[in-house]
$ cat final-v4.cif   # mmCIF, C-alpha atoms
data_upload
#
loop_
_atom_site.label_atom_id
_atom_site.label_comp_id
_atom_site.auth_asym_id
_atom_site.auth_seq_id
_atom_site.Cartn_x
_atom_site.Cartn_y
_atom_site.Cartn_z
CA MET A 21 -17.99 4.77 8.01
CA ASN A 22 -16.24 1.66 6.75
CA THR A 23 -16.69 -1.49 8.82
CA VAL A 24 -13.73 -2.19 11.12
CA LEU A 25 -12.82 -5.87 10.87
CA PRO A 26 -11.45 -7.75 13.87
CA LEU A 27 -7.87 -8.95 13.76
CA ALA A 28 -8.95 -12.55 13.11
CA ALA A 29 -10.80 -11.55 9.93
CA LEU A 30 -7.95 -9.64 8.31
CA PRO A 31 -6.01 -12.64 6.85
CA ASN A 32 -9.06 -13.75 4.86
CA LYS A 33 -9.56 -10.23 3.55
CA ALA A 34 -5.88 -10.11 2.55
CA ARG A 35 -6.26 -13.41 0.71
CA SER A 36 -9.23 -12.01 -1.20
CA ILE A 37 -7.26 -8.91 -2.18
CA ARG A 38 -4.37 -11.07 -3.39
CA ARG A 39 -6.75 -13.06 -5.58
CA GLU A 40 -8.07 -9.86 -7.14
CA ILE A 41 -4.53 -8.62 -7.82
CA ILE A 42 -3.72 -11.81 -9.72
CA ARG A 43 -6.98 -11.75 -11.66
CA MET A 44 -6.75 -8.13 -12.74
CA VAL A 45 -3.06 -8.14 -13.69
CA SER A 46 -3.46 -11.40 -15.60
CA ALA A 47 -6.52 -10.09 -17.45
CA ALA A 48 -4.67 -6.88 -18.34
CA GLY A 49 -1.59 -8.75 -19.52
CA SER A 50 0.55 -6.12 -17.83
CA GLY A 51 1.05 -4.51 -14.45
CA HIS A 52 3.04 -4.82 -11.27
CA PRO A 53 2.14 -7.88 -9.18
CA GLY A 54 5.32 -8.17 -7.08
CA GLY A 55 5.12 -4.91 -5.17
CA SER A 56 1.34 -5.06 -5.00
CA LEU A 57 1.44 -8.45 -3.29
CA SER A 58 4.14 -7.37 -0.83
CA ALA A 59 1.96 -4.50 0.40
CA VAL A 60 -1.29 -6.44 0.88
CA GLU A 61 -1.20 -6.72 4.68
CA ILE A 62 -0.32 -3.05 5.09
CA VAL A 63 -3.12 -1.86 2.81
CA THR A 64 -5.62 -4.35 4.25
CA ALA A 65 -4.86 -3.21 7.81
CA LEU A 66 -5.28 0.43 6.81
CA TYR A 67 -8.57 0.12 4.95
CA PHE A 68 -10.25 -2.50 7.13
CA HIS A 69 -9.06 -1.65 10.64
CA ILE A 70 -7.00 1.52 11.04
CA MET A 71 -8.32 4.34 8.86
CA ARG A 72 -11.51 6.32 9.23
CA HIS A 73 -13.16 6.46 5.81
CA ASP A 74 -16.56 6.05 4.21
CA PRO A 75 -17.09 4.49 0.76
CA GLU A 76 -20.49 6.20 0.64
CA ARG A 77 -18.83 9.59 1.19
CA PRO A 78 -15.33 9.55 -0.38
CA ASP A 79 -15.02 13.29 0.29
CA LEU A 80 -15.87 13.08 4.01
CA PRO A 81 -13.89 15.98 5.52
CA GLU A 82 -12.78 14.10 8.65
CA ARG A 83 -11.65 10.98 6.77
CA ASP A 84 -8.10 9.74 7.09
CA ARG A 85 -6.11 10.05 3.85
CA PHE A 86 -4.01 7.38 2.13
CA ILE A 87 -1.36 8.21 -0.48
CA LEU A 88 0.07 5.35 -2.55
CA SER A 89 3.43 6.93 -3.28
CA LYS A 90 4.61 3.77 -5.08
CA GLY A 91 1.86 4.30 -7.62
CA HIS A 92 2.81 1.34 -9.80
CA ALA A 93 1.32 -0.86 -7.04
CA ALA A 94 -2.12 0.43 -8.05
CA PRO A 95 -3.62 -3.11 -8.18
CA VAL A 96 -3.45 -3.47 -4.38
CA LEU A 97 -5.15 -0.09 -3.93
CA TYR A 98 -7.86 -0.82 -6.50
CA ALA A 99 -8.56 -4.22 -4.95
CA ALA A 100 -8.87 -2.71 -1.47
CA LEU A 101 -11.15 0.08 -2.67
CA ALA A 102 -13.41 -2.40 -4.47
CA GLU A 103 -13.51 -4.68 -1.41
CA CYS A 104 -14.58 -1.66 0.66
CA GLY A 105 -17.33 -0.76 -1.82
CA TYR A 106 -15.96 2.39 -3.47
CA PHE A 107 -16.84 0.81 -6.81
CA ALA A 108 -18.06 -2.58 -8.07
CA LYS A 109 -15.55 -5.43 -8.01
CA ASP A 110 -16.49 -6.29 -11.59
CA GLU A 111 -14.65 -3.15 -12.68
CA LEU A 112 -11.33 -4.61 -11.54
CA SER A 113 -11.23 -6.62 -14.75
CA THR A 114 -10.80 -3.34 -16.67
CA LEU A 115 -7.33 -2.64 -15.27
CA ARG A 116 -5.21 -0.75 -17.83
CA ARG A 117 -7.98 -0.89 -20.42
CA LEU A 118 -8.00 2.05 -22.84
CA GLY A 119 -10.66 4.51 -21.72
CA GLY A 120 -11.16 2.82 -18.34
CA ARG A 121 -10.80 4.41 -14.92
CA LEU A 122 -8.38 1.88 -13.47
CA GLN A 123 -5.16 2.79 -15.21
CA GLY A 124 -1.67 1.50 -14.38
CA HIS A 125 -1.17 4.36 -11.94
CA PRO A 126 -4.02 5.77 -9.83
CA LYS A 127 -5.78 8.93 -10.98
CA ARG A 128 -7.41 11.09 -8.34
CA GLN A 129 -10.29 12.58 -10.31
CA ALA A 130 -11.23 9.30 -11.97
CA VAL A 131 -11.42 6.73 -9.17
CA PRO A 132 -13.48 7.17 -5.98
CA GLY A 133 -11.26 6.85 -2.92
CA VAL A 134 -8.01 7.76 -4.68
CA GLU A 135 -6.66 10.81 -2.85
CA MET A 136 -3.87 11.73 -5.26
CA SER A 137 -2.57 10.77 -8.70
CA THR A 138 0.78 9.06 -8.22
CA GLY A 139 3.32 7.16 -10.28
CA SER A 140 6.36 9.40 -10.54
CA LEU A 141 8.29 8.08 -7.58
CA GLY A 142 9.40 10.28 -4.72
CA GLN A 143 6.38 12.58 -4.55
CA GLY A 144 3.97 10.90 -2.14
CA LEU A 145 5.54 11.99 1.13
CA ALA A 146 5.56 15.65 0.10
CA ILE A 147 1.88 15.32 -0.84
CA ALA A 148 1.16 13.75 2.55
CA ASN A 149 2.91 16.70 4.22
CA GLY A 150 0.69 19.14 2.34
CA LEU A 151 -2.47 17.30 3.34
CA ALA A 152 -1.31 17.13 6.95
CA LEU A 153 -0.57 20.86 7.04
CA ALA A 154 -3.96 21.58 5.47
CA GLY A 155 -5.62 19.55 8.21
CA ARG A 156 -3.77 21.51 10.86
CA LEU A 157 -4.74 24.87 9.32
CA SER A 158 -8.40 23.88 8.99
CA ARG A 159 -8.45 22.34 12.49
CA GLN A 160 -9.52 18.95 11.14
CA GLU A 161 -8.25 15.96 13.07
CA TYR A 162 -7.35 13.36 10.47
CA ASP A 163 -4.24 11.32 9.83
CA VAL A 164 -2.39 10.99 6.53
CA TYR A 165 -0.92 7.59 5.71
CA VAL A 166 1.58 7.17 2.89
CA LEU A 167 3.09 4.00 1.45
CA LEU A 168 6.62 4.25 0.08
CA GLY A 169 8.67 1.63 -1.72
CA ASP A 170 12.18 0.94 -0.45
CA GLY A 171 13.63 1.51 -3.91
CA GLU A 172 11.72 4.78 -3.99
CA LEU A 173 13.86 5.98 -1.09
CA GLN A 174 16.63 6.49 -3.64
CA GLU A 175 14.75 9.65 -4.70
CA GLY A 176 16.19 12.75 -3.07
CA SER A 177 12.76 14.38 -2.87
CA VAL A 178 11.76 11.76 -0.27
CA TRP A 179 14.41 13.06 2.10
CA GLU A 180 13.49 16.70 1.50
CA ALA A 181 9.94 15.79 2.47
CA ALA A 182 11.17 13.77 5.46
CA MET A 183 13.12 16.80 6.69
CA ALA A 184 10.08 19.06 6.23
CA ALA A 185 7.73 16.68 8.06
CA ALA A 186 10.01 16.62 11.08
CA HIS A 187 10.60 20.37 10.97
CA TYR A 188 6.87 21.10 11.05
CA LYS A 189 6.27 18.38 13.67
CA LEU A 190 3.67 16.64 11.50
CA ASP A 191 2.60 13.96 13.94
CA ASN A 192 -0.47 13.32 11.75
CA VAL A 193 1.82 11.90 9.02
CA ILE A 194 2.36 8.14 9.29
CA ALA A 195 4.53 6.59 6.59
CA PHE A 196 4.95 2.92 5.78
CA VAL A 197 8.01 1.67 3.89
CA ASP A 198 7.33 -1.52 1.94
CA HIS A 199 10.81 -2.94 2.50
CA ASN A 200 10.88 -5.96 0.17
CA GLY A 201 14.47 -5.42 -0.94
CA LEU A 202 13.83 -5.56 -4.69
CA GLN A 203 13.15 -3.04 -7.44
CA ILE A 204 12.79 -3.34 -11.18
CA ASP A 205 16.55 -3.45 -11.83
CA GLY A 206 17.43 -5.87 -9.02
CA ALA A 207 18.21 -5.81 -5.32
CA ILE A 208 18.05 -2.32 -3.83
CA LYS A 209 21.39 -2.85 -2.10
CA GLU A 210 23.02 -3.39 -5.51
CA VAL A 211 21.21 -0.66 -7.46
CA MET A 212 21.67 2.08 -4.85
CA SER A 213 21.31 1.08 -1.23
CA PRO A 214 19.05 3.28 0.94
CA GLU A 215 20.16 1.38 4.05
CA PRO A 216 20.16 1.85 6.97
CA ILE A 217 16.55 2.96 6.43
CA ALA A 218 15.48 3.11 10.08
CA ASP A 219 18.60 5.01 11.14
CA LYS A 220 18.21 7.52 8.32
CA PHE A 221 14.62 8.38 9.26
CA GLN A 222 15.60 8.62 12.91
CA ALA A 223 18.41 11.01 11.99
CA PHE A 224 15.87 13.13 10.11
CA GLY A 225 13.83 13.46 13.31
CA TRP A 226 11.20 10.77 12.83
CA HIS A 227 9.79 8.28 15.28
CA VAL A 228 10.72 4.87 13.82
CA ILE A 229 9.03 1.50 14.27
CA CYS A 230 10.22 -1.70 12.56
CA VAL A 231 7.77 -4.55 11.95
CA ASP A 232 7.17 -7.70 9.95
CA GLY A 233 4.98 -6.31 7.18
CA HIS A 234 2.97 -9.51 6.87
CA GLU A 235 1.98 -9.80 10.54
CA PHE A 236 -1.24 -7.96 11.27
CA ASP A 237 -0.72 -7.79 15.02
CA GLN A 238 2.59 -5.99 14.51
CA ILE A 239 1.14 -3.60 11.93
CA LEU A 240 -1.83 -2.69 14.13
CA SER A 241 0.36 -2.26 17.21
CA ALA A 242 2.70 0.02 15.26
CA ALA A 243 -0.24 2.09 13.98
CA ARG A 244 -1.51 2.58 17.53
CA GLU A 245 1.94 3.65 18.68
CA ALA A 246 2.19 6.07 15.76
CA LYS A 247 -1.13 7.72 16.66
CA GLN A 248 0.05 8.14 20.25
CA THR A 249 3.34 9.74 19.18
CA LYS A 250 3.17 13.52 19.38
CA GLY A 251 5.49 16.20 18.06
CA LYS A 252 7.07 14.21 15.24
CA PRO A 253 6.03 12.08 12.24
CA THR A 254 6.24 8.30 12.40
CA VAL A 255 7.63 5.84 9.87
CA ILE A 256 6.83 2.14 10.06
CA VAL A 257 9.55 0.19 8.26
CA ALA A 258 7.80 -3.02 7.25
CA LYS A 259 9.98 -5.95 6.17
CA THR A 260 8.09 -7.69 3.39
CA VAL A 261 8.47 -10.28 0.65
CA LYS A 262 8.13 -9.32 -2.99
CA GLY A 263 5.34 -11.39 -4.54
CA LYS A 264 4.15 -12.56 -1.10
CA GLY A 265 1.58 -15.35 -1.13
CA ILE A 266 2.51 -16.89 -4.48
CA SER A 267 5.27 -19.47 -4.12
CA PHE A 268 6.81 -18.98 -7.56
CA MET A 269 6.70 -15.18 -7.31
CA GLU A 270 8.16 -14.70 -3.85
CA ASN A 271 11.51 -12.87 -3.78
CA GLN A 272 11.75 -13.00 -7.58
CA VAL A 273 12.65 -9.64 -9.08
CA GLY A 274 11.25 -10.66 -12.46
CA TRP A 275 7.72 -10.37 -11.10
CA HIS A 276 8.13 -6.67 -10.35
CA GLY A 277 6.41 -5.70 -13.60
CA THR A 278 5.46 -8.96 -15.33
CA ALA A 279 1.89 -10.23 -15.56
CA PRO A 280 1.19 -13.95 -15.06
CA ASN A 281 -0.15 -15.79 -18.07
CA ALA A 282 -3.36 -17.83 -17.82
CA GLU A 283 -1.63 -20.99 -16.57
CA GLN A 284 0.43 -19.10 -14.01
CA ALA A 285 -2.64 -17.18 -12.83
CA CYS A 286 -4.52 -20.46 -12.29
CA ARG A 287 -1.61 -21.82 -10.25
CA ALA A 288 -1.49 -18.63 -8.18
CA LEU A 289 -5.23 -18.60 -7.54
CA GLU A 290 -5.15 -22.24 -6.46
CA GLU A 291 -2.48 -21.36 -3.88
CA LEU A 292 -4.67 -18.53 -2.59
CA MET A 293 -7.78 -20.59 -1.98
CA ASP A 294 -8.81 -21.14 1.64
CA GLU A 295 -9.06 -24.71 2.91
CA GLY A 296 -12.82 -24.96 2.43
CA VAL A 297 -12.68 -23.88 -1.19
CA ARG A 298 -9.65 -26.06 -1.85
CA ALA A 299 -11.53 -29.12 -0.56
CA LEU A 300 -14.39 -28.43 -2.98
CA TRP A 301 -11.91 -27.77 -5.81
CA THR A 302 -10.20 -31.12 -5.39
CA LYS A 303 -13.35 -33.27 -5.12
#
$ encode --input "final-v4.cif" --output "structure tokens"
Amino acid sequence: MNTVLPLAALPNKARSIRREIIRMVSAAGSGHPGGSLSAVEIVTALYFHIMRHDPERPDLPERDRFILSKGHAAPVLYAALAECGYFAKDELSTLRRLGGRLQGHPKRQAVPGVEMSTGSLGQGLAIANGLALAGRLSRQEYDVYVLLGDGELQEGSVWEAAMAAAHYKLDNVIAFVDHNGLQIDGAIKEVMSPEPIADKFQAFGWHVICVDGHEFDQILSAAREAKQTKGKPTVIVAKTVKGKGISFMENQVGWHGTAPNAEQACRALEELMDEGVRALWTK
């Protein structure tokens, strides 16, 4: 099984994943850095502390499942999978390359560790429901985690799936909402507001937890509470910052789907260095 990192080690792992996101999107010259960076702590917590999974056996029957419903944030998933050892980190430089495995949206049959091909928004929660029901029917005790974008909540299919999850009492479904407030066309409240998000899920019969999506202690505590909640699905509404970790990208809608050029990537990577590396860099 994958190594479970202690809480104190998770920020360094998150920093490493952010560096890989910048490198791969810059090398590709296209991609979605903003929403990938906002989800780093959530994905890091899942793959390095919360979920049961094994890079040596991606098809392990009792593994927990993760569905990246906001499939355009594929760089954060690819970086996490490579950090875990599902494939070599060198392959990250092939993001969006013609003929490569790491395309702009994840493909299930191509990339080890990818549970479902996603990209068309609004489908991930329904997929998670199906996997959860399959686990119940086969008497396998695994959890299904799904990451939704807040702009994605504008899709009606999300709410059909939310209603179904509550109806079937799928307490093995745990959803995260990456609530960064921005989508490709602007602020979600101006495009089509899904607020109040927490109240809506509660009205649909879900157990709701609200956290700071960049604080690992809050994410881990919420995940424990979700696993202890029986008889209903849980949603963790995580308040995040688009482009988190890069000063000139944070809360800037333009970085939703724009790749940094070489100079911008260098600036971003310098910001993401730890203190020891920065001291060597500046000597």
$ resolve_selection --input "final-v4.cif" --expression "the PyMOL selection byres ((chain A and resi 125) around 7)" --output "MDAnalysis selection string"
chainID A and resid 91:92 94 123:124 126:127 138:139
$ closest_atom_pairs --input "final-v4.cif" --of "stretch 60-134 of chain A" --to "stretch 147-169 of chain A" --cutoff "7 Å" --atoms "all atoms listed in the file" --output "JSON lines"
{"residue": "A:Glu82", "atom": "CA", "partner": "A:Tyr162", "partner_atom": "CA", "distance": 5.8}
{"residue": "A:Arg83", "atom": "CA", "partner": "A:Tyr162", "partner_atom": "CA", "distance": 6.2}
{"residue": "A:Asp84", "atom": "CA", "partner": "A:Asp163", "partner_atom": "CA", "distance": 5.0}
{"residue": "A:Arg85", "atom": "CA", "partner": "A:Val164", "partner_atom": "CA", "distance": 4.7}
{"residue": "A:Phe86", "atom": "CA", "partner": "A:Tyr165", "partner_atom": "CA", "distance": 4.7}
{"residue": "A:Ile87", "atom": "CA", "partner": "A:Val166", "partner_atom": "CA", "distance": 4.6}
{"residue": "A:Leu88", "atom": "CA", "partner": "A:Leu167", "partner_atom": "CA", "distance": 5.2}
{"residue": "A:Ser89", "atom": "CA", "partner": "A:Leu168", "partner_atom": "CA", "distance": 5.4}
{"residue": "A:Lys90", "atom": "CA", "partner": "A:Leu168", "partner_atom": "CA", "distance": 5.6}
$ residues_around --input "final-v4.cif" --residues "A:Val257" --least-positions-apart "5" --cutoff "9 Å" --atoms "all atoms listed in the file" --output "PDB file with C-alpha atoms, in the coordinates of the input"
ATOM      1  CA  ALA A 195       4.530   6.590   6.590  1.00  0.00           C
ATOM      2  CA  PHE A 196       4.950   2.920   5.780  1.00  0.00           C
ATOM      3  CA  VAL A 197       8.010   1.670   3.890  1.00  0.00           C
ATOM      4  CA  ASP A 198       7.330  -1.520   1.940  1.00  0.00           C
ATOM      5  CA  HIS A 199      10.810  -2.940   2.500  1.00  0.00           C
ATOM      6  CA  ILE A 217      16.550   2.960   6.430  1.00  0.00           C
ATOM      7  CA  ALA A 218      15.480   3.110  10.080  1.00  0.00           C
ATOM      8  CA  VAL A 228      10.720   4.870  13.820  1.00  0.00           C
ATOM      9  CA  ILE A 229       9.030   1.500  14.270  1.00  0.00           C
ATOM     10  CA  CYS A 230      10.220  -1.700  12.560  1.00  0.00           C
ATOM     11  CA  VAL A 231       7.770  -4.550  11.950  1.00  0.00           C
ATOM     12  CA  ASP A 232       7.170  -7.700   9.950  1.00  0.00           C
ATOM     13  CA  GLY A 233       4.980  -6.310   7.180  1.00  0.00           C
TER      14      GLY A 233
END
$ residues_around --input "final-v4.cif" --residues "stretch 274-286 of chain A" --least-positions-apart "6" --cutoff "10 Å" --atoms "all atoms listed in the file" --output "PyMOL selection string"
chain A and resi 39+42-57+92-93+202-206+262-263+266+268+292
$ atom_distance --input "final-v4.cif" --atom1 "atom CA of A:Leu122" --atom2 "atom CA of A:Pro95"
8.7 Å
$ residues_around --input "final-v4.cif" --residues "A:Val131" --least-positions-apart "5" --cutoff "12 Å" --atoms "only C-alpha atoms" --output "PDB file with C-alpha atoms, in the coordinates of the input"
ATOM      1  CA  PRO A  75     -17.090   4.490   0.760  1.00  0.00           C
ATOM      2  CA  PRO A  78     -15.330   9.550  -0.380  1.00  0.00           C
ATOM      3  CA  ALA A  94      -2.120   0.430  -8.050  1.00  0.00           C
ATOM      4  CA  LEU A  97      -5.150  -0.090  -3.930  1.00  0.00           C
ATOM      5  CA  TYR A  98      -7.860  -0.820  -6.500  1.00  0.00           C
ATOM      6  CA  LEU A 101     -11.150   0.080  -2.670  1.00  0.00           C
ATOM      7  CA  ALA A 102     -13.410  -2.400  -4.470  1.00  0.00           C
ATOM      8  CA  TYR A 106     -15.960   2.390  -3.470  1.00  0.00           C
ATOM      9  CA  PHE A 107     -16.840   0.810  -6.810  1.00  0.00           C
ATOM     10  CA  ALA A 108     -18.060  -2.580  -8.070  1.00  0.00           C
ATOM     11  CA  GLU A 111     -14.650  -3.150 -12.680  1.00  0.00           C
ATOM     12  CA  LEU A 112     -11.330  -4.610 -11.540  1.00  0.00           C
ATOM     13  CA  LEU A 115      -7.330  -2.640 -15.270  1.00  0.00           C
ATOM     14  CA  GLY A 120     -11.160   2.820 -18.340  1.00  0.00           C
ATOM     15  CA  ARG A 121     -10.800   4.410 -14.920  1.00  0.00           C
ATOM     16  CA  LEU A 122      -8.380   1.880 -13.470  1.00  0.00           C
ATOM     17  CA  GLN A 123      -5.160   2.790 -15.210  1.00  0.00           C
ATOM     18  CA  HIS A 125      -1.170   4.360 -11.940  1.00  0.00           C
ATOM     19  CA  PRO A 126      -4.020   5.770  -9.830  1.00  0.00           C
ATOM     20  CA  MET A 136      -3.870  11.730  -5.260  1.00  0.00           C
ATOM     21  CA  SER A 137      -2.570  10.770  -8.700  1.00  0.00           C
TER      22      SER A 137
END
$ atom_distance --input "final-v4.cif" --atom1 "atom CA of A:Val178" --atom2 "atom CA of A:Ser140"
11.8 Å
$ resolve_selection --input "final-v4.cif" --expression "the PyMOL selection byres ((chain A and resi 237) around 12)" --output "VMD selection string"
chain A and resid 26 to 31 61 to 62 65 69 to 70 231 to 236 238 to 244
$ resolve_selection --input "final-v4.cif" --expression "the PyMOL selection byres ((chain A and resi 183) around 12)" --output "number ranges by chain"
A: 145-146, 149, 176-182, 184-190, 220-226, 252-253
$ decode --input "final-v4.cif" --residues "stretch 127-141 of chain A" --atoms "N, CA and C atoms" --output "compact mmCIF listing (two decimals), in the first residue's frame"
# COMPACT_ATOMS: atom_id res chain seq x y z
N LYS A 127 -7.36 9.96 -18.93
CA LYS A 127 -7.95 8.83 -19.65
C LYS A 127 -7.72 7.55 -18.87
N ARG A 128 -8.79 6.89 -18.52
CA ARG A 128 -8.73 5.74 -17.61
C ARG A 128 -7.83 4.62 -18.12
N GLN A 129 -8.00 4.21 -19.35
CA GLN A 129 -7.29 3.04 -19.85
C GLN A 129 -5.84 3.34 -20.24
N ALA A 130 -5.45 4.59 -20.19
CA ALA A 130 -4.10 4.95 -20.60
C ALA A 130 -3.15 5.15 -19.43
N VAL A 131 -3.65 5.70 -18.33
CA VAL A 131 -2.77 6.14 -17.24
C VAL A 131 -3.02 5.30 -15.99
N PRO A 132 -2.02 4.62 -15.46
CA PRO A 132 -2.19 3.85 -14.23
C PRO A 132 -2.65 4.76 -13.08
N GLY A 133 -3.65 4.32 -12.35
CA GLY A 133 -4.16 5.09 -11.23
C GLY A 133 -5.34 5.98 -11.56
N VAL A 134 -5.60 6.22 -12.83
CA VAL A 134 -6.76 7.02 -13.22
C VAL A 134 -7.98 6.11 -13.25
N GLU A 135 -8.96 6.39 -12.40
CA GLU A 135 -10.12 5.53 -12.25
C GLU A 135 -11.18 5.74 -13.33
N MET A 136 -11.23 6.96 -13.89
CA MET A 136 -12.28 7.23 -14.87
C MET A 136 -11.86 8.39 -15.76
N SER A 137 -12.16 8.29 -17.05
CA SER A 137 -11.92 9.39 -17.98
C SER A 137 -12.91 10.51 -17.67
N THR A 138 -12.40 11.71 -17.47
CA THR A 138 -13.27 12.84 -17.14
C THR A 138 -12.86 14.06 -17.93
N GLY A 139 -13.69 15.07 -17.93
CA GLY A 139 -13.43 16.28 -18.69
C GLY A 139 -14.72 17.02 -18.98
N SER A 140 -15.75 16.27 -19.41
CA SER A 140 -17.07 16.87 -19.56
C SER A 140 -17.63 17.09 -18.17
N LEU A 141 -17.79 18.33 -17.79
CA LEU A 141 -18.13 18.64 -16.40
C LEU A 141 -19.53 18.13 -16.02
